[in-house]
Every structure is written in C-alpha cells, then in structure tokens.
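Undergrad: input.txt is the file, holding compact mmCIF, C-alpha atoms:
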```
# COMPACT_ATOMS: atom_id res chain seq x y z
CA MET A 935 -14.70 93.68 190.48
CA THR A 936 -13.10 95.96 187.88
CA SER A 937 -13.13 94.93 184.24
CA PHE A 938 -9.84 93.87 182.69
CA THR A 939 -8.29 92.27 179.62
CA LEU A 940 -5.40 89.80 179.62
CA ASN A 941 -3.71 89.10 176.30
CA PRO A 942 -2.95 85.58 175.04
CA MET A 943 0.41 84.15 176.11
CA PRO A 944 2.86 82.10 174.07
CA GLU A 945 3.31 78.47 174.95
CA ILE A 946 6.02 78.55 177.63
CA ARG A 947 8.46 75.65 178.01
CA PHE A 948 10.68 76.13 181.05
CA GLY A 949 13.56 74.15 182.50
CA ALA A 950 17.20 73.19 182.16
CA GLY A 951 17.80 71.40 178.87
CA ARG A 952 14.54 72.54 177.29
CA LEU A 953 16.40 73.91 174.25
CA ALA A 954 15.91 70.40 172.85
CA ASP A 955 12.20 71.22 172.57
CA ILE A 956 13.06 73.43 169.63
CA VAL A 957 12.95 70.37 167.35
CA PRO A 958 9.41 69.07 167.99
CA LYS A 959 8.03 72.61 168.08
CA ALA A 960 9.71 73.49 164.76
CA GLU A 961 8.28 70.31 163.22
CA ALA A 962 4.81 71.18 164.48
CA LEU A 963 4.95 74.77 163.21
CA ALA A 964 6.90 74.44 159.95
CA GLY A 965 6.87 70.78 158.97
CA ARG A 966 9.69 68.26 159.02
CA GLY A 967 12.74 69.32 157.02
CA ALA A 968 11.44 72.84 156.35
CA ALA A 969 13.68 75.82 155.74
CA LEU A 970 14.11 77.91 158.89
CA LEU A 971 15.67 81.27 159.72
CA MET A 972 17.53 81.66 163.01
CA VAL A 973 18.19 85.22 164.14
CA ALA A 974 21.03 84.71 166.61
CA ASP A 975 22.92 87.17 168.76
CA PRO A 976 26.48 87.18 167.36
CA VAL A 977 27.98 86.94 170.86
CA LEU A 978 26.51 83.43 171.18
CA ARG A 979 28.64 81.88 168.43
CA PRO A 980 31.96 81.91 170.35
CA LEU A 981 30.11 80.53 173.38
CA GLY A 982 28.93 77.51 171.36
CA ILE A 983 25.24 78.29 171.93
CA THR A 984 24.44 79.02 168.29
CA ALA A 985 26.12 75.76 167.25
CA LEU A 986 24.19 73.86 169.92
CA ALA A 987 20.86 75.05 168.53
CA LEU A 988 21.97 74.54 164.92
CA ASP A 989 23.14 70.99 165.60
CA LEU A 990 19.76 70.06 167.08
CA LEU A 991 17.95 71.41 164.03
CA THR A 992 20.40 70.03 161.44
CA GLN A 993 20.29 66.55 162.94
CA ALA A 994 16.50 66.70 162.72
CA GLY A 995 16.76 67.46 158.98
CA PHE A 996 15.96 71.18 158.94
CA GLU A 997 17.57 73.56 156.45
CA THR A 998 18.55 76.34 158.84
CA HIS A 999 19.88 79.74 157.74
CA VAL A 1000 21.40 82.10 160.29
CA TYR A 1001 21.28 85.87 160.46
CA GLU A 1002 23.68 87.32 163.01
CA GLY A 1003 24.82 90.49 161.29
CA PHE A 1004 23.74 92.95 163.95
CA ALA A 1005 25.42 94.45 167.01
CA GLY A 1006 23.82 96.22 169.93
CA GLU A 1007 20.19 97.24 169.84
CA PRO A 1008 18.18 96.31 166.70
CA ARG A 1009 18.05 98.62 163.71
CA ALA A 1010 15.59 98.78 160.84
CA GLN A 1011 18.27 97.60 158.40
CA ASP A 1012 18.91 94.50 160.53
CA VAL A 1013 15.24 93.58 160.41
CA ASP A 1014 15.17 94.15 156.66
CA ALA A 1015 18.29 92.02 156.08
CA ALA A 1016 16.90 89.16 158.16
CA ALA A 1017 13.55 89.33 156.36
CA ALA A 1018 15.29 89.32 152.96
CA LEU A 1019 17.22 86.18 153.96
CA ALA A 1020 13.98 84.52 155.04
CA ARG A 1021 12.29 85.32 151.72
CA GLN A 1022 15.35 84.25 149.71
CA HIS A 1023 15.25 80.74 151.18
CA GLY A 1024 11.48 80.37 151.51
CA THR A 1025 11.65 79.86 155.24
CA LYS A 1026 8.56 78.71 157.11
CA LEU A 1027 9.57 79.62 160.65
CA VAL A 1028 11.76 82.20 162.40
CA ILE A 1029 13.69 81.38 165.57
CA GLY A 1030 15.00 84.18 167.77
CA LEU A 1031 18.01 83.15 169.87
CA GLY A 1032 19.59 85.68 172.20
CA GLY A 1033 18.68 88.78 174.14
CA GLY A 1034 16.00 91.33 173.40
CA SER A 1035 17.76 92.59 170.26
CA ALA A 1036 17.73 89.17 168.62
CA LEU A 1037 14.15 88.45 169.67
CA ASP A 1038 12.80 91.84 168.59
CA THR A 1039 14.60 91.52 165.25
CA ALA A 1040 13.25 88.00 164.72
CA LYS A 1041 9.67 88.98 165.55
CA LEU A 1042 9.50 91.92 163.17
CA ALA A 1043 11.49 90.10 160.47
CA ALA A 1044 8.83 87.35 160.55
CA CYS A 1045 6.25 90.01 159.68
CA CYS A 1046 8.37 91.76 157.04
CA ALA A 1047 9.24 88.44 155.40
CA ALA A 1048 5.54 87.72 154.94
CA SER A 1049 4.48 91.20 153.81
CA GLY A 1050 7.52 92.19 151.76
CA LEU A 1051 7.49 95.63 153.41
CA ALA A 1052 10.43 97.28 155.13
CA ALA A 1053 10.58 97.52 158.92
CA SER A 1054 10.12 101.28 158.69
CA ALA A 1055 6.57 100.73 157.42
CA TYR A 1056 5.60 99.42 160.86
CA ALA A 1057 7.25 102.11 163.00
CA LEU A 1058 4.74 103.42 165.55
CA SER A 1059 2.04 101.27 163.89
CA ALA A 1060 1.97 103.34 160.71
CA THR A 1061 0.96 100.20 158.78
CA PRO A 1062 -1.09 97.21 160.02
CA LEU A 1063 1.01 94.12 160.62
CA PRO A 1064 0.39 91.13 158.30
CA ALA A 1065 -1.98 88.46 159.56
CA ASN A 1066 0.02 85.79 157.70
CA ARG A 1067 3.35 86.47 159.42
CA LEU A 1068 5.77 83.57 159.84
CA PRO A 1069 5.51 81.81 163.21
CA VAL A 1070 8.23 82.60 165.74
CA ILE A 1071 9.93 80.51 168.41
CA ALA A 1072 11.72 82.72 170.94
CA VAL A 1073 14.68 81.37 172.92
CA PRO A 1074 15.94 84.08 175.29
CA THR A 1075 19.51 83.86 176.54
CA THR A 1076 19.19 86.88 178.83
CA ALA A 1077 16.68 87.50 181.60
CA GLY A 1078 15.63 91.04 180.84
CA THR A 1079 13.35 92.23 178.07
CA GLY A 1080 10.66 89.55 178.26
CA SER A 1081 10.39 89.94 174.47
CA GLU A 1082 9.51 86.26 174.22
CA ALA A 1083 6.11 87.12 175.73
CA THR A 1084 5.32 90.51 174.23
CA SER A 1085 3.62 91.86 171.13
CA ILE A 1086 6.15 94.65 170.57
CA SER A 1087 9.44 95.05 168.71
CA VAL A 1088 11.74 97.97 169.46
CA PHE A 1089 14.23 99.16 166.83
CA SER A 1090 16.09 102.24 165.63
CA ASP A 1091 14.95 103.93 162.44
CA ALA A 1092 17.16 105.48 159.75
CA SER A 1093 17.60 108.64 161.83
CA LYS A 1094 18.77 106.45 164.78
CA ALA A 1095 15.67 107.34 166.80
CA LYS A 1096 14.24 104.51 168.87
CA VAL A 1097 10.77 103.49 167.64
CA TRP A 1098 8.62 100.40 167.94
CA ALA A 1099 6.01 98.29 166.25
CA TRP A 1100 3.24 96.56 168.14
CA GLY A 1101 0.39 94.17 167.58
CA PRO A 1102 -0.56 90.55 168.34
CA GLU A 1103 1.11 89.44 165.11
CA LEU A 1104 4.50 90.11 166.75
CA LYS A 1105 3.98 87.73 169.64
CA PRO A 1106 5.99 84.48 169.48
CA VAL A 1107 4.06 81.23 169.32
CA VAL A 1108 6.46 79.42 171.65
CA ALA A 1109 8.90 80.65 174.29
CA ILE A 1110 11.63 78.21 175.34
CA LEU A 1111 13.19 79.20 178.68
CA ASP A 1112 16.35 77.19 179.31
CA PRO A 1113 18.43 78.64 182.19
CA GLU A 1114 21.50 76.72 181.03
CA LEU A 1115 21.72 79.15 178.09
CA THR A 1116 22.14 82.13 180.45
CA VAL A 1117 25.08 81.02 182.61
CA ALA A 1118 27.67 82.69 180.34
CA LEU A 1119 26.14 86.16 180.83
CA PRO A 1120 28.72 88.56 182.32
CA PRO A 1121 27.79 89.99 185.74
CA ALA A 1122 27.17 93.51 184.38
CA VAL A 1123 24.78 92.17 181.73
CA THR A 1124 23.04 89.93 184.27
CA ALA A 1125 22.55 92.96 186.52
CA GLY A 1126 21.38 95.33 183.80
CA THR A 1127 18.95 92.95 182.14
CA GLY A 1128 17.67 91.77 185.51
CA LEU A 1129 16.90 95.32 186.60
CA ASP A 1130 15.11 95.94 183.30
CA ALA A 1131 12.85 92.96 183.97
CA LEU A 1132 12.25 94.08 187.54
CA VAL A 1133 11.23 97.55 186.36
CA HIS A 1134 8.86 95.99 183.82
CA ALA A 1135 7.04 94.21 186.62
CA ILE A 1136 7.02 97.22 188.96
CA GLU A 1137 5.66 99.59 186.32
CA ALA A 1138 2.98 97.17 185.12
CA ALA A 1139 1.84 96.75 188.74
CA THR A 1140 1.63 100.47 189.49
CA ASN A 1141 0.72 102.42 186.34
CA LYS A 1142 -2.72 103.63 185.22
CA TYR A 1143 -3.58 100.33 183.58
CA ALA A 1144 -2.61 98.03 186.46
CA ASN A 1145 -5.17 95.48 187.60
CA ALA A 1146 -5.28 92.74 190.21
CA GLU A 1147 -5.36 89.93 187.66
CA ASN A 1148 -2.19 91.11 185.91
CA ASP A 1149 -0.59 91.58 189.33
CA LEU A 1150 -0.44 87.79 189.55
CA TYR A 1151 2.36 88.01 186.98
CA CYS A 1152 3.82 91.33 188.17
CA LEU A 1153 4.22 90.44 191.83
CA GLU A 1154 5.51 86.93 191.17
CA ALA A 1155 8.08 88.38 188.75
CA ILE A 1156 9.16 90.88 191.42
CA ARG A 1157 9.49 88.12 194.03
CA LEU A 1158 11.47 85.84 191.73
CA ILE A 1159 13.86 88.52 190.49
CA SER A 1160 14.37 90.20 193.87
CA ALA A 1161 15.31 86.90 195.49
CA ALA A 1162 17.60 85.71 192.66
CA LEU A 1163 19.32 88.78 191.17
CA GLU A 1164 22.24 89.02 193.59
CA LYS A 1165 22.82 85.25 193.47
CA ALA A 1166 22.79 85.19 189.67
CA VAL A 1167 25.27 88.08 189.49
CA HIS A 1168 27.74 86.66 191.99
CA ASP A 1169 27.37 82.95 191.18
CA PRO A 1170 26.70 82.74 187.43
CA ARG A 1171 26.41 78.95 187.44
CA ASP A 1172 23.60 78.89 190.02
CA ILE A 1173 20.98 77.26 187.79
CA ALA A 1174 18.19 77.80 190.31
CA ALA A 1175 18.91 81.54 190.42
CA ARG A 1176 19.28 81.70 186.64
CA GLY A 1177 15.98 79.88 186.24
CA ALA A 1178 14.21 82.25 188.64
CA MET A 1179 15.57 85.23 186.71
CA LEU A 1180 14.50 83.79 183.35
CA LEU A 1181 11.00 82.91 184.55
CA GLY A 1182 10.64 86.25 186.34
CA SER A 1183 11.68 88.08 183.18
CA CYS A 1184 9.12 86.16 181.13
CA TYR A 1185 6.34 86.90 183.64
CA ALA A 1186 7.36 90.57 183.58
CA GLY A 1187 7.07 90.44 179.79
CA VAL A 1188 3.55 89.06 180.15
CA ALA A 1189 2.83 91.88 182.61
CA ILE A 1190 3.92 94.73 180.33
CA ASP A 1191 2.14 93.13 177.38
CA ASN A 1192 -1.06 93.52 179.39
CA CYS A 1193 -0.48 96.87 181.12
CA GLY A 1194 2.58 98.58 179.61
CA THR A 1195 5.35 100.50 181.35
CA ALA A 1196 5.71 104.05 182.73
CA LEU A 1197 8.13 106.85 183.60
CA ALA A 1198 11.37 104.84 183.98
CA HIS A 1199 10.96 103.55 180.43
CA ASN A 1200 10.07 107.02 179.22
CA ILE A 1201 13.46 108.18 180.51
CA SER A 1202 15.46 105.21 179.23
CA HIS A 1203 13.93 105.46 175.74
CA ALA A 1204 14.61 109.20 175.73
CA VAL A 1205 18.24 108.83 176.82
CA ALA A 1206 18.82 106.20 174.12
CA ASN A 1207 18.51 109.01 171.57
CA LEU A 1208 21.28 110.95 173.31
CA ALA A 1209 23.88 108.43 174.48
CA ALA A 1210 24.89 104.78 174.09
CA ILE A 1211 23.88 103.37 177.47
CA PRO A 1212 22.63 99.75 177.71
CA HIS A 1213 18.86 99.80 177.98
CA GLY A 1214 18.70 97.70 181.15
CA ARG A 1215 21.12 99.88 183.06
CA ALA A 1216 19.39 103.07 181.89
CA THR A 1217 15.97 101.74 182.87
CA GLY A 1218 17.08 100.49 186.27
CA LEU A 1219 18.75 103.79 187.09
CA ALA A 1220 15.76 105.77 185.80
CA MET A 1221 13.58 103.85 188.26
CA LEU A 1222 16.09 104.45 191.06
CA ALA A 1223 16.04 108.19 190.34
CA THR A 1224 12.25 108.51 190.26
CA ILE A 1225 10.65 105.70 192.26
CA ASP A 1226 9.95 107.86 195.31
CA TRP A 1227 8.42 110.60 193.10
CA VAL A 1228 6.21 108.16 191.17
CA ALA A 1229 5.19 106.27 194.33
CA GLU A 1230 3.49 109.41 195.64
CA GLY A 1231 0.83 108.83 192.99
CA ASN A 1232 0.10 105.23 193.99
CA ARG A 1233 1.19 104.46 197.54
CA THR A 1234 -0.95 101.33 197.78
CA GLY A 1235 0.47 99.80 194.62
CA PHE A 1236 4.05 100.59 195.59
CA ALA A 1237 3.48 99.16 199.08
CA ARG A 1238 2.64 95.83 197.42
CA VAL A 1239 5.75 96.17 195.26
CA ALA A 1240 7.94 96.80 198.33
CA GLN A 1241 6.49 93.77 200.06
CA ALA A 1242 7.21 91.60 197.02
CA MET A 1243 10.80 92.90 197.08
CA GLY A 1244 11.07 91.88 200.74
CA GLY A 1245 10.86 95.35 202.32
CA ASP A 1246 8.52 98.07 203.52
CA ASP A 1247 9.76 101.12 201.62
CA PRO A 1248 9.81 100.79 197.80
CA HIS A 1249 12.70 103.24 197.29
CA ALA A 1250 14.86 101.58 199.95
CA ALA A 1251 14.09 98.07 198.68
CA PHE A 1252 14.85 98.99 195.07
CA ASP A 1253 17.98 100.93 196.02
CA ARG A 1254 19.28 97.91 197.93
CA LEU A 1255 18.80 95.64 194.91
CA VAL A 1256 20.48 98.09 192.55
CA ARG A 1257 23.51 98.46 194.82
CA ALA A 1258 23.69 94.70 195.49
CA SER A 1259 23.73 94.03 191.74
CA GLY A 1260 27.03 95.87 191.44
CA ILE A 1261 25.83 97.96 188.51
CA ARG A 1262 27.62 101.28 188.04
CA VAL A 1263 25.23 103.95 189.25
CA ALA A 1264 26.91 107.28 188.45
CA LEU A 1265 26.10 108.48 184.94
CA LYS A 1266 28.36 111.53 184.68
CA GLU A 1267 30.89 109.86 182.38
CA ASP A 1268 28.21 108.38 180.12
CA LEU A 1269 26.16 111.55 179.81
CA ALA A 1270 28.81 114.26 179.82
CA GLY A 1271 27.53 117.37 178.05
CA ILE A 1272 23.88 116.29 178.12
CA SER A 1273 21.63 118.75 179.95
CA ALA A 1274 18.45 118.10 181.87
CA GLU A 1275 16.64 120.29 179.35
CA ALA A 1276 17.83 118.15 176.41
CA LEU A 1277 16.76 114.93 178.12
CA ALA A 1278 13.42 116.48 179.11
CA ARG A 1279 12.76 117.40 175.46
CA ASP A 1280 13.18 113.77 174.44
CA MET A 1281 11.03 112.62 177.35
CA ALA A 1282 8.29 114.91 175.98
CA ALA A 1283 8.63 113.61 172.40
CA PRO A 1284 5.47 112.07 170.86
CA ALA A 1285 7.14 108.67 170.52
CA ASN A 1286 7.58 108.53 174.31
CA ALA A 1287 4.13 109.88 175.14
CA PRO A 1288 2.46 106.50 175.91
CA MET A 1289 4.92 105.76 178.74
CA ARG A 1290 4.53 109.25 180.13
CA LYS A 1291 0.73 109.13 179.98
CA SER A 1292 0.54 105.72 181.64
CA THR A 1293 2.39 106.94 184.75
CA ARG A 1294 -0.12 107.23 187.60
CA ARG A 1295 1.47 110.47 188.79
CA TYR A 1296 1.55 112.32 185.49
CA PRO A 1297 4.84 114.16 184.80
CA THR A 1298 3.94 117.67 183.67
CA ASP A 1299 6.11 119.77 181.37
CA GLU A 1300 7.42 121.52 184.50
CA ASP A 1301 8.23 118.15 186.14
CA LEU A 1302 10.25 116.73 183.25
CA PRO A 1303 13.46 118.79 183.66
CA LEU A 1304 13.45 118.11 187.42
CA LEU A 1305 13.05 114.36 186.86
CA ALA A 1306 15.74 114.42 184.18
CA GLU A 1307 18.07 116.17 186.61
CA ARG A 1308 17.46 113.45 189.21
CA PHE A 1309 18.55 110.85 186.66
CA LEU A 1310 21.61 112.77 185.47
CA THR A 1311 22.92 113.40 188.99
CA LEU A 1312 22.60 109.89 190.45
CA VAL A 1313 25.52 108.79 192.61
```
For this file, produce the structure as structure tokens.
TA:
Amino acid sequence: MTSFTLNPMPEIRFGAGRLADIVPKAEALAGRGAALLMVADPVLRPLGITALALDLLTQAGFETHVYEGFAGEPRAQDVDAAAALARQHGTKLVIGLGGGSALDTAKLAACCAASGLAASAYALSATPLPANRLPVIAVPTTAGTGSEATSISVFSDASKAKVWAWGPELKPVVAILDPELTVALPPAVTAGTGLDALVHAIEAATNKYANAENDLYCLEAIRLISAALEKAVHDPRDIAARGAMLLGSCYAGVAIDNCGTALAHNISHAVANLAAIPHGRATGLAMLATIDWVAEGNRTGFARVAQAMGGDDPHAAFDRLVRASGIRVALKEDLAGISAEALARDMAAPANAPMRKSTRRYPTDEDLPLLAERFLTLV
C-alpha cells in the first residue's frame, strides 16, 4: 500500500435548516455575547440571507459586524478592510457567508486580524501565517469552490494578478452546509460553480498526488455532482439536488486540500489575468478543452472518473455534463484579442507552476500554446 497523508477536515454540519447551528458553534468558539465579524457576499442582502443569519446571531446576544464591501473575486484591499473592521471591534470569530470570494476573504481576514499584517504579506506564502488566527465558521451559499474545507485563500494583489495564501491556519473550524441557502442561485452561477467543483474532484483524482484514500472523497464528489448538476440548474428549488451539489462541492474541497489541482486550474488562473471570466466557467471550459489530452497521461485514473460520471469515455461524459448545464461554451466574445501565445505565457508564470507541475502528463513549453489554442477555440 502506498504511503499517503490526509489533512484534517473542518467539522461539517449538513442539512436543510442547519444555518441555525451557527449560534451554538459561535458560542462554543467565541463565547456568549462576543463580538463577531461576518464577511457576507453583498448579493445575499437583497435575498434576505444576510438578515437571516444576522437575526439568529442578534437574538442570541452576539454583537455582529458585517463586511460586504467587495464585488467579484476577492482582492487584497477587501481582506485588509475586513481585518481592520475585526480589529476595530475586537471580534473573536469570523463568519464567512457566501461563495468562494466571501469565504476566502473571511479566512485570510481572520489571519490578518490576528497578525496585524496586510494580506499582501501572505501572497504565495511569503510570510508564515499566524498560529493565533481568529476561528472561522464557513457557510457556503454556492456549491463550487469548496473553500469551506480548504487551507487556501485566493485573492488579487495590487497589480490585479491572482495570487494565493495557503496553510492549515486558513482552514475553517466549522463548515455549515445548508442547501436551503443555495436555491436562489441563478442557473448560470449554479452551472459554473458546479463545474468548478466537479473539476476539483477530477483533478485531485488524476494528478501526480492522487491516492486511493483521497479518491474516497474525489469519486463520491464526482458521483454526487454528476447526478445532480442538471437537476439543480433546471429546478432550482430541488433541495435534494441542491444538497447533493453542496456536499459534493465540500468533498471536492477536501480532495483538493489533500492532492491539489492540475492543468484546467492552471489555465483558468492564467486567463483570470487577461479577462473577466467567472472562475467556474473558465475552469469547466479549460477541462473540456484539455481532458482528452491530460487523460493520455493517466488512462486508469480517468477511466474511474468516467465511471463515476456514469460513462465510459471521460471526454464524452464531461462534455455531456457541460452541455447539459447550459453554460455558454464559446469564448470568442470574452477573449477577443487574446492570443494563444499570451495565454501560454501566463500559464507558464511561476505563480501557476504548481498546477502545471502536478499534471500527470506534464505540459511542456511547446505544449502550452497548443493547449491554450484548444481553450480559445472551443465551440
């Protein structure tokens, strides 16, 4: 049996209505009536979700401050602003409520609030994370990033380049998975985030670091998401499908925390520096463009992936799911004026090297423009 390492997981509380668990967990982690910081996705306020969480905490006697001043993917200045708010009010706990942007911001803000350093200090692990970070409760409202289970925070630096911090200090203590919080997701967001989670699981199951023990999470995530994605897109109030997506996304987060990602994420991180395309859509389409090429380096692993998706051929099974999700495949309008050479340069950048190196079939310098061209010419 091959040696392996599995990282610790947060406490996971899953089920409809489990948002209410935020109160006893906050009491256990911060003390009754403590000051808390909630980093909430601003799109949740008009949906009543932010108020729902706030009401639970206020009625329990907590002094809760809200940071929701960001839009889109997290930026260093958002993390810094949230951390400053936490320090200003002496908060004892950070709650992330929303998609990956809110959760990643909350996780790194909990570290910056404790250390007093700016988010930029932790880019690409330039500085060790503080051991005394504030505890974090993560409440995802999308089924995509799996950030509630990972020890990484992705953000844009001052030059707008996508970077990340990583370390066990970033991992939430508790993840609350309540599918009722995801029913308001628009179909395009459901599709994009769902494909992101699916790619997480596929890459963790097939890259250089894959192992049979982590495959327990990878393959179950693939089964759950593959069976539920189309239902969740076309019937948003299907709680069973929403629950399967949320649990599958969390398991996929566990999977990448153990084994990382690969080429599809190398491409999606690279393209983020060139155009404003939602991460989930970019990642799903990057996998669609390259899955047959990557599978040549690990046919056995991809055969297991195809079986978990309910098919025999991994490219055909993934293509079917992408098309069934209704996501817009063609990228010409989004990437007009961007050449394969420009995208290949970003794919080769040092910041994206770990994802490139973890790909079982290593993309050489000669391969990168060809792979970039595949992505740019999808139809």
Undergrad: Could I get the residues of stretch 1057-1170 of chain A with an atom no further than 8 Å from an atom of stretch 1191-1211 of chain A, each paired with its nearest atom pair and that distance in Å to one decimal, using all atoms listed in the file, sorted by chain and residue number, as a Markdown table?
TA:
```
| residue | atom | partner | partner_atom | distance |
| --- | --- | --- | --- | --- |
| A:Ala1083 | CA | A:Asp1191 | CA | 7.4 |
| A:Thr1084 | CA | A:Asp1191 | CA | 5.2 |
| A:Ser1085 | CA | A:Asp1191 | CA | 6.5 |
| A:Lys1094 | CA | A:Asn1207 | CA | 7.3 |
| A:Ala1095 | CA | A:Asn1207 | CA | 5.8 |
| A:Lys1096 | CA | A:Asn1207 | CA | 6.8 |
| A:Val1133 | CA | A:Ala1198 | CA | 7.7 |
| A:His1134 | CA | A:Thr1195 | CA | 6.2 |
| A:Glu1137 | CA | A:Thr1195 | CA | 5.1 |
| A:Ala1138 | CA | A:Cys1193 | CA | 5.3 |
| A:Ala1139 | CA | A:Cys1193 | CA | 8.0 |
| A:Asn1141 | CA | A:Ala1196 | CA | 6.4 |
| A:Tyr1143 | CA | A:Cys1193 | CA | 5.3 |
| A:Ala1144 | CA | A:Cys1193 | CA | 5.9 |
| A:Asn1148 | CA | A:Asn1192 | CA | 7.0 |
```
Undergrad: Taking 4 positions as the minimum chain separation for residues in the same chain, which residues sit within 9 Å of A:Thr1127 when counting all atoms listed in the file? Answer as a VMD selection string.
TA: chain A and resid 1076 to 1079 1122 to 1123 1131 to 1132 1183 1212 to 1215 1218
Undergrad: In Å, how far is it from atom CA of A:Thr1116 to atom CA of A:Ala987?
TA: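 So the answer is 13.9 Å.
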Undergrad: What does the structure give for the distance between atom CA of A:Gly967 and atom CA of A:Thr992, in Å to one decimal?
TA: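 So the answer is 8.9 Å.
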Undergrad: May I have a table of the residues of stretch 1272-1307 of chain A lying at most 12 Å from stretch 1054-1065 of chain A, giving each one's closest pair of atoms and their distance in Å to one decimal, counting all atoms listed in the file, ordered by chain and ascending residue number, as a Markdown table?
TA:
```
| residue | atom | partner | partner_atom | distance |
| --- | --- | --- | --- | --- |
| A:Pro1284 | CA | A:Leu1058 | CA | 10.2 |
| A:Ala1285 | CA | A:Leu1058 | CA | 7.6 |
| A:Asn1286 | CA | A:Leu1058 | CA | 10.5 |
| A:Ala1287 | CA | A:Leu1058 | CA | 11.6 |
| A:Pro1288 | CA | A:Leu1058 | CA | 11.0 |
```
Undergrad: Atom CA of A:Asp1149 to atom CA of A:Ile1136: how many Å, to one decimal?
TA: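 Between atom CA of A:Asp1149 and atom CA of A:Ile1136 the gap works out to 9.5 Å.
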Undergrad: As a list in words, please: the residues near A:Pro976 (cut-off 9 Å, all atoms listed in the file, same-chain neighbours under 3 positions excluded).
TA: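 What passes the distance filter is Arg979, Pro980, Thr984, Tyr1001, Glu1002, Gly1003, Phe1004, Ala1005 and Gly1032 of chain A.
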Undergrad: Counting all atoms listed in the file, select every polymer residue within 10 Å of (17.3, 100.4, 191.1) as defined in the file's coordinates, and provide the selection as a short mmCIF file (atom, residue, chain, number, x, y, z; two decimals) with C-alpha atoms, in the coordinates of the input.
TA:
```
data_model
loop_
_atom_site.label_atom_id
_atom_site.label_comp_id
_atom_site.auth_asym_id
_atom_site.auth_seq_id
_atom_site.Cartn_x
_atom_site.Cartn_y
_atom_site.Cartn_z
CA GLY A 1126 21.38 95.33 183.80
CA LEU A 1129 16.90 95.32 186.60
CA ASP A 1130 15.11 95.94 183.30
CA LEU A 1132 12.25 94.08 187.54
CA VAL A 1133 11.23 97.55 186.36
CA ARG A 1215 21.12 99.88 183.06
CA ALA A 1216 19.39 103.07 181.89
CA THR A 1217 15.97 101.74 182.87
CA GLY A 1218 17.08 100.49 186.27
CA LEU A 1219 18.75 103.79 187.09
CA ALA A 1220 15.76 105.77 185.80
CA MET A 1221 13.58 103.85 188.26
CA LEU A 1222 16.09 104.45 191.06
CA ALA A 1223 16.04 108.19 190.34
CA THR A 1224 12.25 108.51 190.26
CA ILE A 1225 10.65 105.70 192.26
CA HIS A 1249 12.70 103.24 197.29
CA ALA A 1250 14.86 101.58 199.95
CA ALA A 1251 14.09 98.07 198.68
CA PHE A 1252 14.85 98.99 195.07
CA ASP A 1253 17.98 100.93 196.02
CA ARG A 1254 19.28 97.91 197.93
CA LEU A 1255 18.80 95.64 194.91
CA VAL A 1256 20.48 98.09 192.55
CA ARG A 1257 23.51 98.46 194.82
CA ALA A 1258 23.69 94.70 195.49
CA SER A 1259 23.73 94.03 191.74
CA ILE A 1261 25.83 97.96 188.51
CA VAL A 1263 25.23 103.95 189.25
#
```
Undergrad: Report as AutoDock Vina command-line options the centre and the edge lengths, in Å to one decimal, of the axis-aligned box holding every listed atom of stretch 1243-1257 of chain A, padded by 3 Å on each side.
TA:
```
--center_x 16.0 --center_y 97.6 --center_z 198.0 --size_x 21.0 --size_y 17.4 --size_z 17.0
```
Undergrad: Leaving out A:Leu978 and any residue of its chain fewer than 5 positions from it, which residues lie within 10 Å of it when counting only C-alpha atoms, given as a count of residues only?
TA: 11
Undergrad: Kindly indicate which residue among A:Glu1114, A:Asp1226, A:Asp975, A:Glu997 lies nearest to A:Thr1039, using only C-alpha atoms for the distances.
TA: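 Smallest distance to A:Thr1039 is found for A:Asp975.
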Undergrad: In terms of the shortest atom-to-atom distance over all atoms listed in the file, which of A:Ala1306, A:Ala1048, A:Leu940, A:Ala1229 is closest to A:Leu1150?
TA: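 Ranking A:Ala1306, A:Ala1048, A:Leu940, A:Ala1229 by distance to A:Leu1150, first place goes to A:Leu940.
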Undergrad: So which one's closest to A:Ala1052, A:Leu1153, A:Leu1037, A:Leu1068, A:Ala1017? Using all atoms listed in the file, please.
TA: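 For A:Ala1052, the nearest of the candidates is A:Ala1017.
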Undergrad: Kindly indicate which residue among A:Leu1104, A:Ala1189, A:Val1228, A:Leu1163 lies nearest to A:Thr1293, using all atoms listed in the file for the distances.
TA: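 Smallest separation from A:Thr1293 among the options: A:Val1228.
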Undergrad: Name the closest residue to A:Glu1307 among the candidates A:Ala1283, A:Val1000, A:Ala1178, A:Ile1272; distances are taken between atoms, counting all atoms listed in the file.
TA: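 Closest candidate: A:Ile1272.
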Undergrad: Please provide as a ChimeraX atom specification all residues within 10 Å of A:Asp1247, with the sequence filter that same-chain residues fewer than 6 positions apart are discarded (counting all atoms listed in the file).
TA: /A:1226,1236-1241,1253
Undergrad: Once you have the residues from the selection above, write them out as a short mmCIF file (atom, residue, chain, number, x, y, z; two decimals), keeping the file's coordinate frame, restricted to C-alpha atoms.
TA:
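File written: out-v9.cif
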```cif
data_model
loop_
_atom_site.label_atom_id
_atom_site.label_comp_id
_atom_site.auth_asym_id
_atom_site.auth_seq_id
_atom_site.Cartn_x
_atom_site.Cartn_y
_atom_site.Cartn_z
CA ASP A 1226 9.95 107.86 195.31
CA PHE A 1236 4.05 100.59 195.59
CA ALA A 1237 3.48 99.16 199.08
CA ARG A 1238 2.64 95.83 197.42
CA VAL A 1239 5.75 96.17 195.26
CA ALA A 1240 7.94 96.80 198.33
CA GLN A 1241 6.49 93.77 200.06
CA ASP A 1253 17.98 100.93 196.02
#
```
Undergrad: Taking 6 positions as the minimum chain separation for residues in the same chain, which residues sit within 8 Å of A:Ser1035 when counting all atoms listed in the file? Answer as a short mmCIF file (atom, residue, chain, number, x, y, z; two decimals) with C-alpha atoms, in the coordinates of the input.
TA:
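Result file is selection_5.cif:
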```
data_model
loop_
_atom_site.label_atom_id
_atom_site.label_comp_id
_atom_site.auth_asym_id
_atom_site.auth_seq_id
_atom_site.Cartn_x
_atom_site.Cartn_y
_atom_site.Cartn_z
CA ASP A 975 22.92 87.17 168.76
CA GLY A 1006 23.82 96.22 169.93
CA GLU A 1007 20.19 97.24 169.84
CA PRO A 1008 18.18 96.31 166.70
#
```
